[in-house]
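S.K.: So here's protein-v7.txt, just compact mmCIF, C-alpha atoms and all ligand atoms:
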# COMPACT_ATOMS: atom_id res chain seq x y z
CA MET B 1 54.90 149.75 156.40
CA GLN B 2 51.53 150.11 158.09
CA GLN B 3 50.69 146.56 157.04
CA ALA B 4 53.96 145.34 158.52
CA VAL B 5 53.34 147.00 161.85
CA VAL B 6 49.90 145.40 162.09
CA LYS B 7 51.42 141.99 161.40
CA ALA B 8 53.97 142.39 164.19
CA SER B 9 51.36 143.83 166.51
CA GLU B 10 49.10 140.82 165.99
CA ARG B 11 51.94 138.45 166.81
CA GLU B 12 52.87 140.40 169.90
CA SER B 13 49.33 140.43 171.23
CA THR B 14 49.09 136.63 171.01
CA ARG B 15 52.21 136.10 173.15
CA THR B 16 52.12 136.10 176.92
CA ARG B 17 54.85 137.80 178.87
CA ALA B 18 55.69 136.94 182.45
CA ASP B 19 56.36 140.56 183.40
CA GLU B 20 52.96 141.79 182.13
CA PRO B 21 49.88 141.84 184.39
CA ALA B 22 47.17 139.43 183.18
CA GLY B 23 44.99 140.91 180.47
CA SER B 24 47.31 143.83 179.69
CA ARG B 25 48.20 144.46 176.08
CA VAL B 26 51.70 144.98 174.75
CA ARG B 27 51.66 148.59 173.67
CA GLU B 28 55.08 148.78 172.05
CA VAL B 29 55.19 147.28 168.56
CA ALA B 30 58.49 145.69 167.57
CA ALA B 31 58.93 144.80 163.91
CA CYS B 32 62.02 143.51 162.09
CA LEU B 33 63.69 145.94 159.68
CA LEU B 34 63.98 143.22 157.02
CA CYS B 35 60.98 140.89 157.24
CA HIS B 36 58.69 142.80 159.65
CA GLY B 37 58.58 139.76 161.94
CA ALA B 38 58.15 140.09 165.69
CA LEU B 39 61.22 140.76 167.84
CA GLU B 40 62.50 139.58 171.21
CA LYS B 41 65.20 141.21 173.31
CA SER B 42 68.76 139.87 172.83
CA ILE B 43 70.62 142.21 175.14
CA GLY B 44 69.89 145.37 177.11
CA ASP B 45 71.78 147.99 179.13
CA LEU B 46 74.16 148.79 176.26
CA PHE B 47 75.81 152.18 176.19
CA ASP B 48 78.05 154.06 173.77
CA ALA B 49 81.60 152.96 174.64
CA ARG B 50 83.27 155.41 172.24
CA PHE B 51 81.90 158.92 172.01
CA GLY B 52 79.98 159.35 175.25
CA VAL B 53 76.44 159.52 173.86
CA VAL B 54 74.15 159.59 176.90
CA GLY B 55 71.56 156.81 177.06
CA SER B 56 70.94 153.11 177.41
CA TYR B 57 70.13 150.95 174.38
CA GLU B 58 68.85 147.49 173.56
CA VAL B 59 69.39 145.03 170.70
CA TRP B 60 66.46 142.79 169.69
CA ARG B 61 66.36 139.71 167.48
CA CYS B 62 63.76 138.78 164.86
CA LEU B 63 61.89 135.57 165.68
CA ASP B 64 61.43 134.90 161.96
CA CYS B 65 64.67 135.76 160.14
CA GLY B 66 67.13 136.06 163.03
CA LEU B 67 68.34 139.60 162.22
CA GLU B 68 69.41 141.54 165.29
CA GLN B 69 68.83 145.27 165.42
CA ILE B 70 68.86 148.17 167.82
CA TYR B 71 65.38 148.69 169.21
CA PRO B 72 63.82 151.14 169.08
CA VAL B 73 65.56 152.40 165.95
CA PRO B 74 66.47 156.08 166.38
CA THR B 75 64.52 158.43 164.09
CA PRO B 76 66.36 159.94 161.07
CA ALA B 77 66.37 163.33 162.83
CA GLU B 78 67.88 161.79 165.96
CA LEU B 79 70.54 159.92 163.96
CA GLY B 80 71.42 163.12 162.10
CA ARG B 81 71.95 164.92 165.39
CA LEU B 82 74.00 162.07 166.86
CA TYR B 83 76.34 161.84 163.85
CA GLU B 84 76.83 165.58 163.78
CA SER B 85 77.50 165.91 167.50
CA TYR B 86 79.53 162.83 168.24
CA TYR B 87 80.74 160.77 165.33
CA ASN B 88 84.52 160.44 164.95
CA PHE B 89 84.87 162.62 168.01
CA GLY B 90 83.18 165.46 166.12
CA GLY B 91 85.59 165.50 163.17
CA GLU B 92 88.82 165.17 165.16
CA ARG B 93 91.88 166.14 163.12
CA GLY B 94 95.53 166.96 163.70
CA THR B 95 95.98 164.96 166.92
CA SER B 96 98.91 162.58 167.33
CA TYR B 97 96.49 159.64 166.96
CA THR B 98 94.99 160.90 163.69
CA ARG B 99 98.43 161.85 162.31
CA LEU B 100 99.82 158.40 163.11
CA ARG B 101 96.73 156.75 161.60
CA GLU B 102 96.97 158.70 158.34
CA TRP B 103 100.70 158.02 158.03
CA PHE B 104 100.07 154.31 158.66
CA PHE B 105 97.36 153.96 155.99
CA SER B 106 99.54 155.51 153.31
CA SER B 107 102.68 153.54 154.22
CA TRP B 108 104.14 150.23 153.02
CA LEU B 109 103.68 148.99 156.56
CA TYR B 110 99.89 149.06 156.04
CA ARG B 111 100.19 146.74 153.03
CA ILE B 112 102.17 144.25 155.06
CA TRP B 113 99.78 144.63 157.99
CA ILE B 114 96.59 143.86 156.01
CA PHE B 115 98.34 140.87 154.47
CA LEU B 116 98.94 139.52 157.99
CA ASP B 117 95.88 140.81 159.83
CA GLY B 118 93.16 140.63 157.17
CA ASP B 119 91.75 143.26 154.86
CA ILE B 120 88.43 144.66 156.14
CA SER B 121 88.09 147.24 153.37
CA PHE B 122 89.08 145.28 150.23
CA HIS B 123 92.28 147.32 149.95
CA ARG B 124 94.25 144.40 148.50
CA ARG B 125 91.91 143.72 145.56
CA LYS B 126 93.32 144.83 142.25
CA GLY B 127 91.14 145.28 139.18
CA ALA B 128 89.73 147.64 136.61
CA GLY B 129 86.48 149.41 135.79
CA ARG B 130 84.30 151.92 137.57
CA LEU B 131 84.18 151.60 141.36
CA LEU B 132 81.95 153.49 143.80
CA ASP B 133 83.05 153.69 147.43
CA ALA B 134 79.68 154.24 149.15
CA GLY B 135 80.32 155.96 152.46
CA CYS B 136 83.80 157.04 151.33
CA ASN B 137 84.35 159.44 154.25
CA GLU B 138 87.43 161.60 153.62
CA GLY B 139 88.65 159.49 150.69
CA ARG B 140 91.31 157.23 152.17
CA GLY B 141 89.78 154.20 150.41
CA LEU B 142 89.42 156.10 147.12
CA ARG B 143 93.17 156.70 147.07
CA ILE B 144 93.86 152.97 147.59
CA TYR B 145 91.24 151.67 145.10
CA ALA B 146 92.60 154.10 142.47
CA ARG B 147 96.13 152.82 143.11
CA ASN B 148 94.80 149.27 142.62
CA GLY B 149 93.59 150.05 139.10
CA PHE B 150 89.98 151.23 139.46
CA GLN B 151 88.34 154.41 138.14
CA VAL B 152 86.99 155.58 141.48
CA GLU B 153 84.13 157.75 142.67
CA GLY B 154 82.80 158.27 146.18
CA LEU B 155 79.39 158.74 147.76
CA GLU B 156 79.25 160.50 151.11
CA LEU B 157 76.51 161.91 153.31
CA ASN B 158 78.73 164.19 155.38
CA PRO B 159 79.53 167.40 153.41
CA THR B 160 82.69 168.13 155.41
CA ALA B 161 84.16 164.68 154.73
CA ALA B 162 83.09 164.88 151.05
CA ALA B 163 84.84 168.27 150.71
CA VAL B 164 88.10 166.79 152.06
CA ALA B 165 87.93 163.94 149.50
CA ARG B 166 87.12 166.36 146.68
CA GLY B 167 90.04 168.51 147.76
CA ALA B 168 92.28 165.52 147.04
CA GLY B 169 90.95 165.46 143.46
CA PHE B 170 88.26 162.79 143.67
CA THR B 171 84.72 162.86 142.31
CA VAL B 172 82.49 162.53 145.35
CA HIS B 173 78.70 162.59 145.17
CA LEU B 174 76.97 164.08 148.17
CA GLY B 175 74.03 161.94 149.15
CA ASP B 176 72.50 158.93 150.77
CA THR B 177 73.03 155.28 149.87
CA THR B 178 69.26 154.74 149.59
CA ASP B 179 68.40 157.28 146.88
CA PHE B 180 71.56 157.81 144.81
CA THR B 181 71.31 157.62 141.02
CA ALA B 182 74.60 157.43 139.12
CA SER B 183 74.98 159.00 135.67
CA ALA B 184 76.77 155.84 134.53
CA ALA B 185 76.62 152.42 136.20
CA TYR B 186 79.53 150.95 138.18
CA ASP B 187 81.37 147.64 137.93
CA VAL B 188 82.00 147.52 141.67
CA VAL B 189 80.25 149.13 144.64
CA VAL B 190 81.97 148.95 148.04
CA LEU B 191 80.06 149.14 151.33
CA SER B 192 82.90 148.94 153.84
CA ASN B 193 81.46 149.07 157.36
CA VAL B 194 78.46 151.01 156.10
CA LEU B 195 75.46 148.66 155.81
CA GLU B 196 75.15 148.12 159.56
CA HIS B 197 74.63 151.88 159.98
CA ALA B 198 71.66 152.01 157.57
CA PRO B 199 68.13 152.34 158.99
CA ASP B 200 66.85 150.44 155.90
CA PRO B 201 69.56 148.03 154.69
CA LYS B 202 67.38 146.41 152.02
CA LYS B 203 66.71 149.79 150.44
CA VAL B 204 70.48 150.39 150.33
CA LEU B 205 71.10 147.08 148.52
CA LEU B 206 68.27 147.69 146.03
CA ASN B 207 69.75 151.10 145.29
CA VAL B 208 73.24 149.63 144.84
CA ARG B 209 71.81 147.00 142.49
CA GLY B 210 70.22 149.74 140.39
CA ASN B 211 73.60 151.47 140.06
CA LEU B 212 75.57 148.35 139.04
CA ASN B 213 76.31 147.10 135.54
CA ALA B 214 75.07 143.64 134.58
CA GLY B 215 77.38 141.20 136.38
CA GLY B 216 78.71 143.99 138.58
CA GLN B 217 80.00 143.17 142.07
CA LEU B 218 79.08 144.39 145.52
CA TRP B 219 81.76 144.18 148.22
CA ILE B 220 80.52 144.37 151.80
CA SER B 221 82.32 144.27 155.12
CA CYS B 222 80.51 144.50 158.45
CA PRO B 223 80.70 143.08 161.99
CA ASN B 224 79.59 139.48 162.52
CA SER B 225 76.78 139.21 165.07
CA ARG B 226 77.93 135.63 165.78
CA SER B 227 81.50 136.68 166.64
CA TRP B 228 83.13 134.85 169.54
CA LEU B 229 84.34 138.24 170.80
CA ARG B 230 80.74 139.20 171.46
CA ARG B 231 80.58 136.32 173.95
CA VAL B 232 83.96 137.17 175.49
CA PHE B 233 83.38 140.91 175.89
CA GLY B 234 79.60 140.91 176.48
CA ARG B 235 78.26 144.46 176.71
CA SER B 236 81.76 145.82 176.03
CA TRP B 237 81.95 144.25 172.55
CA ILE B 238 83.01 147.21 170.41
CA ASN B 239 80.70 146.27 167.55
CA TRP B 240 77.50 146.91 169.46
CA HIS B 241 78.47 150.49 168.68
CA VAL B 242 75.13 151.85 169.91
CA PRO B 243 73.34 153.95 168.81
CA PHE B 244 75.14 154.03 165.43
CA HIS B 245 74.97 150.35 164.43
CA ILE B 246 71.36 149.67 163.53
CA SER B 247 71.60 146.08 162.19
CA HIS B 248 73.78 143.22 163.42
CA PHE B 249 74.22 140.72 160.59
CA SER B 250 75.26 137.09 160.61
CA THR B 251 76.43 135.24 157.49
CA GLU B 252 72.92 133.78 157.18
CA THR B 253 70.94 137.02 157.55
CA LEU B 254 73.25 138.89 155.18
CA GLN B 255 73.07 136.11 152.57
CA ARG B 256 69.29 136.10 152.72
CA LEU B 257 69.13 139.87 152.43
CA LEU B 258 71.43 139.84 149.40
CA THR B 259 69.40 137.14 147.66
CA ASP B 260 66.16 139.07 148.36
CA ALA B 261 67.73 142.23 146.94
CA GLY B 262 68.67 140.52 143.65
CA PHE B 263 72.26 139.36 144.17
CA GLN B 264 73.74 135.93 143.50
CA ASN B 265 77.04 134.02 143.90
CA VAL B 266 77.36 135.33 147.43
CA GLU B 267 80.84 134.46 148.75
CA THR B 268 81.53 135.04 152.42
CA GLN B 269 84.70 135.01 154.47
CA GLN B 270 85.54 136.01 158.03
CA ILE B 271 88.45 137.78 159.60
CA THR B 272 89.19 139.18 163.05
CA PRO B 273 91.09 142.46 162.84
CA ALA B 274 93.51 143.08 165.70
CA LEU B 275 92.23 146.67 165.90
CA TRP B 276 88.71 145.45 166.69
CA VAL B 277 90.02 143.11 169.42
CA THR B 278 92.01 146.04 170.80
CA GLN B 279 88.99 148.34 170.80
CA SER B 280 86.87 145.76 172.63
CA CYS B 281 89.65 145.49 175.27
CA ILE B 282 89.80 149.27 175.64
CA ALA B 283 86.00 149.46 175.89
CA ARG B 284 86.04 146.80 178.61
CA LEU B 285 88.78 148.56 180.58
CA PHE B 286 87.95 152.23 180.17
CA ALA B 287 84.40 152.87 178.85
CA ARG B 288 82.19 154.90 181.19
CA GLN B 289 78.61 155.74 180.35
CA GLY B 290 78.16 159.32 179.11
CA ARG B 291 81.93 159.96 178.83
CA LYS B 292 84.20 160.00 175.77
CA ASN B 293 86.54 157.03 175.83
CA ARG B 294 89.78 158.87 175.17
CA GLN B 295 91.85 155.71 175.54
CA LEU B 296 90.52 154.66 172.10
CA ARG B 297 92.74 157.46 170.81
CA ASN B 298 95.80 156.43 172.82
CA SER B 299 98.36 155.57 170.11
CA PHE B 300 100.75 153.70 172.41
CA LEU B 301 98.06 151.56 174.05
CA THR B 302 96.39 150.83 170.69
CA LEU B 303 99.64 149.75 169.06
CA PHE B 304 100.66 147.65 172.05
CA LEU B 305 97.33 145.81 172.21
CA MET B 306 97.13 145.38 168.42
CA ILE B 307 100.52 143.71 168.29
CA PHE B 308 99.58 141.52 171.27
CA ALA B 309 96.25 140.58 169.66
CA ARG B 310 97.77 139.81 166.25
CA PHE B 311 100.76 137.79 167.40
CA GLY B 312 99.85 136.64 170.94
CA LEU B 313 96.26 135.62 170.17
CA PHE B 314 97.00 134.40 166.65
CA PRO B 315 95.75 130.80 167.12
CA ALA B 316 92.50 131.91 168.82
CA LEU B 317 91.73 134.46 166.09
CA LEU B 318 92.41 131.93 163.36
CA LEU B 319 90.27 129.26 165.02
CA GLY B 320 87.42 131.75 165.51
CA ASN B 321 87.47 132.62 161.79
CA ARG B 322 87.56 128.96 160.76
CA ARG B 323 84.55 128.16 162.97
CA GLY B 324 82.43 130.95 161.52
CA ARG B 325 82.85 133.13 164.60
CA GLY B 326 85.22 135.78 163.26
CA ASP B 327 84.58 139.42 164.18
CA CYS B 328 84.20 140.76 160.63
CA LEU B 329 82.17 139.43 157.69
CA LEU B 330 83.53 139.98 154.18
CA VAL B 331 81.06 139.39 151.41
CA VAL B 332 81.35 139.55 147.62
CA ALA B 333 78.09 139.26 145.65
CA THR B 334 77.20 139.61 141.99
CA LYS B 335 74.20 141.40 140.52
CA ALA B 336 71.76 138.69 139.43
ZN ZN I 401 63.16 139.46 160.38
As a first step, turn the structure in this file into structure tokens.
Ligand SMILES: [Zn+2]

M.R.:
Amino acid sequence: MQQAVVKASERESTRTRADEPAGSRVREVAACLLCHGALEKSIGDLFDARFGVVGSYEVWRCLDCGLEQIYPVPTPAELGRLYESYYNFGGERGTSYTRLREWFFSSWLYRIWIFLDGDISFHRRKGAGRLLDAGCNEGRGLRIYARNGFQVEGLELNPTAAAVARGAGFTVHLGDTTDFTASAAYDVVVLSNVLEHAPDPKKVLLNVRGNLNAGGQLWISCPNSRSWLRRVFGRSWINWHVPFHISHFSTETLQRLLTDAGFQNVETQQITPALWVTQSCIARLFARQGRKNRQLRNSFLTLFLMIFARFGLFPALLLGNRRGRGDCLLVVATKA
């Protein structure tokens, strides 16, 4: 790590910046999470559009590999505090929004919906063998993967969420995706909207690889940093999700990362979930810095906008996906 910092520092000191007085040195060292290359700012003045975390954040892009990441990356202690205080509205339960959401995910309507809208969590894939849902939260995915034929286990960092999933009868390991060691290897590991939250995504993939059987598959979904919705919504794009999203992957950066971590046959696909379009709209209309965006929990507004996005914007969403600018990347890779 020290070596990496020096490398980035050397690059920084050779560049001139218009806003620096002549002869001054760049004190702040910016190094890419993946390749330790030097970074430049992509976008600033971002704020949390969901939970009301106070603060302004920036996303920087690596000049070498193109990965975009929050900069500076919050420390592990800071992230721990942020997740505990804010994430998922501090463990919101029993509201009309959460009740409607839980009913929806267990209903036949959900199966029809993901057929039409796209399946960001691999809930339509049937199969067999041992499957680990890494970042399984309260176990909604475990229930669906089990129904689809897999022998499921979960991995979860949050003890409260893990306890809920265990209460439903599932085996859930409490721990981090970077240092988990399974007692028996898996045939499939799922990282559904998880990798972009990791302070060290390569370490996560190396760990997953170590826990997979020969020929085992890794299923990843995450936001696409080259989404056309990023251009449309600008700072209100819901997938900036500062300060919780650390990395912003494109098809290219994710493919390179997977190859470096020992995966092959990387297949990628893109979809644009109506919920994500809806959330970007609600962020644009209602987000205020330092305040919870309660409209993201407005069932009527969410449903109305989702139906509009899915059916009214259907051609635009389809075209965006076809041109490699969909909002969500879906990746299936095999252990090399
Ligand atoms: Zn890089």

S.K.: Have a look at CA of Ser85 in chain B and CA of Ala287 in chain B and let me know their distance in Å, one decimal.

M.R.: 18.6 Å

S.K.: Using only C-alpha atoms and all ligand atoms, find each residue with an atom at most 6 Å away from ligand ZN 401 (chain I) and format the answer as number ranges by chain.

M.R.: B: 32, 34-37, 62, 64-67

S.K.: Pick out the residues sitting within 12 Å of Trp240 in chain B, and hand them over as a ChimeraX atom specification; count only C-alpha atoms, and ignore anything fewer than 2 positions along from it in its own chain.

M.R.: /B:42-50,57-60,68-70,196-197,222-227,229-231,233-238,242-249,276,279-280,283,327

S.K.: Taking 4 positions as the minimum chain separation for residues in the same chain, which residues sit within 7 Å of range 141-153 of chain B when counting only C-alpha atoms? Answer as an MDAnalysis selection string.

M.R.: chainID B and resid 123 125:133 136 170:172

S.K.: Please indicate the distance in Å from CA of Val208 in chain B to CA of Tyr186 in chain B, rounded to one decimal place.

M.R.: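 According to the coordinates, CA of Val208 in chain B and CA of Tyr186 in chain B are separated by 9.3 Å.
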
S.K.: Could you tell me how far CA of Trp219 in chain B lies from CA of Ala333 in chain B, in Å and to one decimal?

M.R.: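 Going from CA of Trp219 in chain B over to CA of Ala333 in chain B, I get 6.7 Å.
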
S.K.: Of the residues B:Val266, B:Leu174, B:Thr251, B:Ile120, which is the one nearest to Val194 in chain B, using all atoms listed in the file?

M.R.: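 Answer, going by the shortest atom-to-atom distance: B:Ile120.
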
S.K.: I need the residue nearest Val204 in chain B from this list: B:Leu285, B:Leu303, B:Ala261, B:Leu157. Use all atoms listed in the file for the distance.

M.R.: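 Checking each candidate against Val204 in chain B, we get B:Ala261 as the closest.
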
S.K.: Looking at B:Gln217, B:Thr178, B:Gln270, B:Asn193, which one is nearest to Leu205 in chain B, with distances taken over only C-alpha atoms?

M.R.: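 Checking each of B:Gln217, B:Thr178, B:Gln270, B:Asn193 against Leu205 in chain B, counting only C-alpha atoms, the winner is B:Thr178.
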
S.K.: I need every residue sitting at most 9 Å from the point (82.2, 142.7, 147.0) (coordinates as in the file, all atoms listed in the file considered), written as a VMD selection string.

M.R.: chain B and resid 122 188 to 191 217 to 221 266 to 267 330 to 334

S.K.: Quick one: of B:Ser107, B:Gly320, B:Val232, B:Arg124, who's nearest to Arg284 in chain B, counting all atoms listed in the file?

M.R.: B:Val232

S.K.: Quick one: residues within 10 Å of Ala316 in chain B, all atoms listed in the file counted, chain neighbours fewer than 6 positions away excluded, as an NGL selection string?

M.R.: :B and (228 or 272 or 309-310 or 322 or 326)

S.K.: With 4 Å on each side, where is the centre of the axis-aligned box around all listed atoms of range 225-241 of chain B, and how long are its edges in Å to one decimal, as lines of an AutoDock Vina configuration file?

M.R.:
center_x = 80.6
center_y = 142.7
center_z = 170.9
size_x = 15.6
size_y = 23.6
size_z = 19.6

S.K.: Measuring between all atoms listed in the file, which one of B:Ile112, B:Ala30, B:Val53, B:Leu296 shows the shortest distance to Tyr83 in chain B?

M.R.: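 Closest residue, counting all atoms listed in the file: B:Val53.
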